[in-house]
2 protein chains.
Amino acid sequence: MSETFVIAQGGGPTAVINQTLAGAVLEVRKRYPGARVLGARHGVRGIRDGNFVDLSVLSEQQLRLIAATPSAALGSTRDKPDAAYCETILKGLRQAGTTAFIYIGGNDTAGTQQILTEAAGKDIAFVHAPKTIDNDLVESDHTPGFISAAEFIAGAFVSIDLDFRALPGIYVGIVMGRHAGFLTTAAAAWKQDDGSAPHLVYVPERAFSAKRFIEDVREAQSRHGRCIVAMSEGVSGEDGRAVVENLVPPDRLERDAHGNIRLSGGELGMAIEQLLRDGLPGARARVDTFGYLPRGNISTINATDAREAFEAGTFSVEAAARGGGSVALQYIDGITSPQLVPLTSVAGKTQHLPSDFLLPDSNQISAACRSYFDRLLPKQFAVADPLI
Amino acid sequence: MSETFVIAQGGGPTAVINQTLAGAVLEVRKRYPGARVLGARHGVRGIRDGNFVDLSVLSEQQLRLIAATPSAALGSTRDKPDAAYCETILKGLRQAGTTAFIYIGGNDTAGTQQILTEAAGKDIAFVHAPKTIDNDLVESDHTPGFISAAEFIAGAFVSIDLDFRALPGIYVGIVMGRHAGFLTTAAAAWKQDDGSAPHLVYVPERAFSAKRFIEDVREAQSRHGRCIVAMSEGVSGEDGRAVVENLVPPDRLERDAHGNIRLSGGELGMAIEQLLRDGLPGARARVDTFGYLPRGNISTINATDAREAFEAGTFSVEAAARGGGSVALQYIDGITSPQLVPLTSVAGKTQHLPSDFLLPDSNQISAACRSYFDRLLPKQFAVADPLI
């Protein structure tokens with residue numbers, strides 16, 4: 001039987017998601033000369049609607065250029081298909097004569113592949129290829145897309161620290177991350193020493209107290225002459241509710257089709273600014289919500305991230321040959337490589353920041369967190385000692 | 001008489017302001033072996049308070065590292081000295097035996113140097129060395145610091161465009177700039193074609209109408225399937241009042257010592273989001289306020305900008321030898337070089353975006369704007385054509 005691969009991309013784009021796409025297409029071409037490779041536009045929507053682009057006709061040069069371009073070249077979707085939707089996807093896949101379907105995405109994407117695996121027979125191999133700036137896939141040491149986004153965050157906090165050393169004040173940078181704090185802790189990846197930013201780190205995994213926050217900021221400011229804070233958009237209080245839910249009027253909160261509050265807006269930032277105004281009157285305090293800037297930024301495409309994303313794509317073809325599953329970047333004996341793991345162990349699960357990545361009794365990163373980032377994102381430049 | 005140079009840095013930091021500092025110190029060393037070079041900490045405050053660091057003792061290697069580090073190594077200040085304050089500065093300069101004072105900053109800094117020139121005799125040479133991400137100095141083709149900040153903005157809009165091509169919607173990126181729209185138009189520096197971002201550009205120089213804005217966004221969205229907007233924080237209505245003043249309750253607006261409303265917060269962004277919610281109900285709309293991220297970002301230090309900033313520092317020593325004045329990067333016969341201009345022609349003046357940088361009847365950039373950025377910030381990468 002001739003091979004037909006279908007490839008799609010789901011969820012939030014990253015800087016290197018197209019590396020995985022190109023890696024898969026080029027590997028199919030190498031292993032199965034003459035095989036068809038169809039790209040589904042806008043994720044599973046494209047399969048449902050029969051909206052495909054023939055990737056077989058693209059030259060290697062075109063694929064390399066696509067690989068180097070951030071964001072999902074095939075388009076993406078936020079659809080999280082239920083069983084009925086999956087039936088229509090399966091129908092679309094069969095109509096296209098699909099022998100393997102590689103879906104590049106996060107844990108929801110793995111969930112879709114699991115439903116499809118259960119609904120289909122053995123005639124189609126379903127592969128989940130990993131992608132997320134959130135770094136929240138279980139079974140993975142880290143995920144393609146994370147290091148590039150982390151590099152943006154790390155560079156931003158080095159830069160902001162220098163800015164606020166020159167013109168002192170309080171700064172809070174709010175970083176994407178609903179349930180996992182990895183990207184927020186990346187603010188400390190290039191932290192020089194105890195005195196440099198970020199001085200405080202707030203993640204969804206640890207309960208946020210407004211009172212304690214103000215105390216911590218006051219103390220850091222008196223110690224360092226400035227206070228730079230990294231905060232996840234998903235920080236939650238003791239009650240488990242997102243801080244933004246407690247601080248912002250309900251009519252200002254936007255919800256998605258799944259009932260999740262939209263966190264990526266400026267609401268939390270404005271609320272934090274108000275907290276600082278009330279708690280530390282007269283202080284110069286600035287809050288920036290980084291929003292979409294770190295996610296697929298062309299200025300901070302990390303070379304290791306690009307290579308690993310490409311390799312994840314290559315390996316996803318091997319994963320299909322083995323019958324399907326989820327591809328995970330694992331760190332074994334000092335080497336990062338893609339491994340095949342069962343879809344069931346990844347689907348719908350969230351990898352949280354290890355509890356030892358923050359100090360037990362303060363909102364500061366630990367040596368364990370430092371060494372994780374030293375390995376993933378070595379510092380690429382030197383910064384001069386202050387003259388002030 | 002032995003030479004004593006005092007150097008200080010004022011206003012908002014940039015990615016390359018320390019290049020100018022290092023350029024000046026190394027040039028003094030070359031021209032006047034044995035001369036003293038003192039750095040005043042936190043601008044003129046350091047002179048007033050006798051708070052100096054001896055830059056003569058730094059090695060060239062140390063100075064080169066300082067040059068490559070963003071933000072003001074000597075610290076900065078927002079003080080805009082009046083005549084009385086200038087008297088205390090003059091006293092501090094004389095106590096230090098100053099023969100030349102080089103102050104690196106924007107048009108307020110030039111203003112300080114002008115007051116000092118008028119108050120002092122001929123015994124001290126007062127030099128204004130240019131620096132501002134706003135690009136708003138008259139007599140200059142462009143200013144050191146601008147190209148690096150522009151590179152951040154240009155890359156951000158290429159990236160956001162790709163993101164919103166994958167997951168369609170409306171996006172507004174709000175960019176620093178109170179009176180001048182240069183940095184906002186940099187969003188279009190790497191615009192590929194009519195269909196790519198930014199689709200609309202709003203600058204302080206052109207009156208903003210909320211009604212027209214909604215109409216323009218609706219039209220762009222229906223034409224391109226998405227709408228990406230670049231907007232200056234300082235956009236103003238027909239009445240000349242900042243949009244944020246009309247849209248935000250007065251108690252939420254913070255003012256500085258000079259009565260200027262703080263524009264760098266998220267208030268405008270929230271107000272624009274509300275406009276979009278009301279005007280285009282149900283549309284996916286996201287607003288990011290870039291805030292401090294573009295200003296001195298270590299990830300987007302532009303090599304041309306760094307070189308020109310260094311040369312402006314070198315030339316400021318020549319300017320001192322000629323009796324003082326303002327250093328301006330001018331573009332003459334196809335070459336950018338620092339030139340000496342009178343302080344009076346720069347002090348307190350604002351260079352506005354040329355009116356022909358936007359099309360006369362729509363909020364889109366013109367060919368003149370394109371060619372300016374093609375010269376300053378050539379595109380450094382290729383982006384793949386869409387597969388969707």
# chains A, B, ... in the order shown; residues from 1 in each chain; ligands from 1
$ select_by_dssp --residues "segment 18-69 of chain A" --states "strand (DSSP E or B)" --output "list in words"
Arg36, Val37, Leu38, Gly39, Ala40, Phe52, Val53 and Asp54 of chain A
$ write_last_selection --atoms "N, CA and C atoms" --output "PDB file, in the first residue's frame"
ATOM      1  N   ARG A  36       2.721  10.346  -0.454  1.00  0.00           N
ATOM      2  CA  ARG A  36       2.027  11.642  -0.421  1.00  0.00           C
ATOM      3  C   ARG A  36       2.127  12.223   0.984  1.00  0.00           C
ATOM      4  N   VAL A  37       2.339  13.539   1.051  1.00  0.00           N
ATOM      5  CA  VAL A  37       2.279  14.227   2.349  1.00  0.00           C
ATOM      6  C   VAL A  37       1.326  15.403   2.209  1.00  0.00           C
ATOM      7  N   LEU A  38       0.226  15.324   2.945  1.00  0.00           N
ATOM      8  CA  LEU A  38      -0.775  16.393   2.902  1.00  0.00           C
ATOM      9  C   LEU A  38      -0.720  17.203   4.192  1.00  0.00           C
ATOM     10  N   GLY A  39      -0.742  18.511   4.050  1.00  0.00           N
ATOM     11  CA  GLY A  39      -0.864  19.369   5.217  1.00  0.00           C
ATOM     12  C   GLY A  39      -2.314  19.779   5.384  1.00  0.00           C
ATOM     13  N   ALA A  40      -2.853  19.580   6.567  1.00  0.00           N
ATOM     14  CA  ALA A  40      -4.231  20.014   6.833  1.00  0.00           C
ATOM     15  C   ALA A  40      -4.189  21.458   7.324  1.00  0.00           C
ATOM     16  N   PHE A  52      -6.766  20.685   2.360  1.00  0.00           N
ATOM     17  CA  PHE A  52      -5.383  20.205   2.433  1.00  0.00           C
ATOM     18  C   PHE A  52      -4.479  20.974   1.471  1.00  0.00           C
ATOM     19  N   VAL A  53      -3.202  21.023   1.799  1.00  0.00           N
ATOM     20  CA  VAL A  53      -2.196  21.511   0.866  1.00  0.00           C
ATOM     21  C   VAL A  53      -1.227  20.352   0.632  1.00  0.00           C
ATOM     22  N   ASP A  54      -0.842  20.155  -0.636  1.00  0.00           N
ATOM     23  CA  ASP A  54       0.050  19.047  -0.962  1.00  0.00           C
ATOM     24  C   ASP A  54       1.499  19.455  -0.667  1.00  0.00           C
TER      25      ASP A  54
END
$ interface_residues --of "chain A" --to "chain B" --cutoff "8 Å" --atoms "only C-alpha atoms" --output "ChimeraX atom specification"
/A:12-13,41-42,53,62,65-66,68-77,152,155-156,158-160,162-163,165-167,265-267,269-270,286-293,296-300,382-388
$ select_by_dssp --residues "segment 122-164 of chain A" --states "alpha helix (DSSP H)" --output "short mmCIF file (atom, residue, chain, number, x, y, z; two decimals) with N, CA and C atoms, in the first residue's frame"
data_model
loop_
_atom_site.label_atom_id
_atom_site.label_comp_id
_atom_site.auth_asym_id
_atom_site.auth_seq_id
_atom_site.Cartn_x
_atom_site.Cartn_y
_atom_site.Cartn_z
N PHE A 146 9.79 25.85 23.68
CA PHE A 146 10.01 26.44 25.00
C PHE A 146 11.29 27.25 25.07
N ILE A 147 12.38 26.70 24.56
CA ILE A 147 13.68 27.37 24.75
C ILE A 147 13.70 28.73 24.05
N SER A 148 13.10 28.81 22.86
CA SER A 148 13.07 30.10 22.15
C SER A 148 12.26 31.13 22.93
N ALA A 149 11.10 30.73 23.41
CA ALA A 149 10.29 31.66 24.21
C ALA A 149 11.03 32.04 25.49
N ALA A 150 11.70 31.03 26.09
CA ALA A 150 12.47 31.29 27.31
C ALA A 150 13.60 32.28 27.03
N GLU A 151 14.21 32.18 25.86
CA GLU A 151 15.29 33.10 25.51
C GLU A 151 14.77 34.54 25.44
N PHE A 152 13.57 34.71 24.89
CA PHE A 152 12.97 36.05 24.87
C PHE A 152 12.81 36.58 26.29
N ILE A 153 12.25 35.74 27.15
CA ILE A 153 11.97 36.15 28.53
C ILE A 153 13.29 36.45 29.27
N ALA A 154 14.27 35.56 29.12
CA ALA A 154 15.55 35.73 29.82
C ALA A 154 16.21 37.04 29.40
N GLY A 155 16.24 37.30 28.09
CA GLY A 155 16.84 38.54 27.59
C GLY A 155 16.07 39.77 28.05
N ALA A 156 14.76 39.65 28.08
CA ALA A 156 13.94 40.78 28.52
C ALA A 156 14.25 41.16 29.96
N PHE A 157 14.39 40.16 30.83
CA PHE A 157 14.64 40.48 32.24
C PHE A 157 16.06 40.99 32.49
N VAL A 158 17.03 40.51 31.74
CA VAL A 158 18.36 41.10 31.83
C VAL A 158 18.28 42.59 31.46
N SER A 159 17.56 42.87 30.38
CA SER A 159 17.48 44.23 29.84
C SER A 159 16.71 45.15 30.78
N ILE A 160 15.58 44.67 31.27
CA ILE A 160 14.75 45.46 32.18
C ILE A 160 15.53 45.75 33.47
N ASP A 161 16.30 44.77 33.92
CA ASP A 161 17.08 44.96 35.14
C ASP A 161 18.07 46.12 34.95
N LEU A 162 18.73 46.15 33.80
CA LEU A 162 19.68 47.23 33.52
C LEU A 162 18.95 48.57 33.44
N ASP A 163 17.77 48.57 32.85
CA ASP A 163 16.97 49.78 32.71
C ASP A 163 16.60 50.33 34.10
N PHE A 164 16.16 49.43 34.97
CA PHE A 164 15.71 49.86 36.31
C PHE A 164 16.88 50.05 37.28
#
$ residues_around --residues "Ala312 of chain A" --least-positions-apart "6" --cutoff "7 Å" --atoms "only C-alpha atoms" --output "PyMOL selection string"
chain A and resi 20+129+327+338
$ write_last_selection --atoms "all heavy atoms" --output "PDB file, in the first residue's frame"
ATOM      1  N   THR A  20       9.448  21.243  13.041  1.00  0.00           N
ATOM      2  CA  THR A  20       8.897  19.894  13.224  1.00  0.00           C
ATOM      3  C   THR A  20       8.154  19.451  11.961  1.00  0.00           C
ATOM      4  O   THR A  20       8.285  18.299  11.516  1.00  0.00           O
ATOM      5  CB  THR A  20       7.970  19.878  14.453  1.00  0.00           C
ATOM      6  OG1 THR A  20       8.693  20.412  15.573  1.00  0.00           O
ATOM      7  CG2 THR A  20       7.502  18.478  14.785  1.00  0.00           C
ATOM      8  N   ALA A 129       3.268  14.946  17.875  1.00  0.00           N
ATOM      9  CA  ALA A 129       4.607  15.551  17.926  1.00  0.00           C
ATOM     10  C   ALA A 129       4.531  16.778  18.839  1.00  0.00           C
ATOM     11  O   ALA A 129       3.619  17.589  18.702  1.00  0.00           O
ATOM     12  CB  ALA A 129       5.072  15.941  16.530  1.00  0.00           C
ATOM     13  N   VAL A 327       5.557  11.707  20.912  1.00  0.00           N
ATOM     14  CA  VAL A 327       6.999  11.934  20.884  1.00  0.00           C
ATOM     15  C   VAL A 327       7.356  12.870  22.039  1.00  0.00           C
ATOM     16  O   VAL A 327       6.718  13.911  22.222  1.00  0.00           O
ATOM     17  CB  VAL A 327       7.418  12.555  19.532  1.00  0.00           C
ATOM     18  CG1 VAL A 327       8.906  12.896  19.524  1.00  0.00           C
ATOM     19  CG2 VAL A 327       7.060  11.616  18.376  1.00  0.00           C
ATOM     20  N   PRO A 338      14.553  12.551  21.089  1.00  0.00           N
ATOM     21  CA  PRO A 338      13.125  12.230  21.054  1.00  0.00           C
ATOM     22  C   PRO A 338      12.899  10.742  21.341  1.00  0.00           C
ATOM     23  O   PRO A 338      13.652   9.894  20.860  1.00  0.00           O
ATOM     24  CB  PRO A 338      12.725  12.580  19.612  1.00  0.00           C
ATOM     25  CG  PRO A 338      13.985  12.600  18.819  1.00  0.00           C
ATOM     26  CD  PRO A 338      15.123  12.815  19.751  1.00  0.00           C
TER      27      PRO A 338
END
$ atom_distance --atom1 "atom CA of Arg94 of chain A" --atom2 "atom CA of Ala8 of chain A"
15.4 Å
$ residues_around --residues "Ala321 of chain B" --least-positions-apart "4" --cutoff "9 Å" --atoms "only C-alpha atoms" --output "PyMOL selection string"
chain B and resi 100+125+316-317
$ closest_atom_pairs --of "segment 262-319 of chain A" --to "segment 211-230 of chain A" --cutoff "10 Å" --atoms "only C-alpha atoms" --output "JSON lines"
{"residue": "A:Ile272", "atom": "CA", "partner": "A:Phe213", "partner_atom": "CA", "distance": 9.8}
{"residue": "A:Leu275", "atom": "CA", "partner": "A:Ile214", "partner_atom": "CA", "distance": 7.8}
{"residue": "A:Leu276", "atom": "CA", "partner": "A:Ile214", "partner_atom": "CA", "distance": 6.9}
{"residue": "A:Asp278", "atom": "CA", "partner": "A:Ile214", "partner_atom": "CA", "distance": 9.4}
{"residue": "A:Gly279", "atom": "CA", "partner": "A:Ile214", "partner_atom": "CA", "distance": 6.1}
{"residue": "A:Leu280", "atom": "CA", "partner": "A:Ile214", "partner_atom": "CA", "distance": 7.4}
{"residue": "A:Ala283", "atom": "CA", "partner": "A:Arg218", "partner_atom": "CA", "distance": 9.8}
{"residue": "A:Arg284", "atom": "CA", "partner": "A:Arg226", "partner_atom": "CA", "distance": 9.7}
{"residue": "A:Ala285", "atom": "CA", "partner": "A:Cys227", "partner_atom": "CA", "distance": 9.2}
{"residue": "A:Arg286", "atom": "CA", "partner": "A:Ile228", "partner_atom": "CA", "distance": 9.7}
{"residue": "A:Val287", "atom": "CA", "partner": "A:Val229", "partner_atom": "CA", "distance": 9.2}
$ residues_around --residues "Val127 of chain B" --least-positions-apart "2" --cutoff "6 Å" --atoms "only C-alpha atoms" --output "list in words"
Ile102, Gly324, Gly325 and Ser326 of chain B
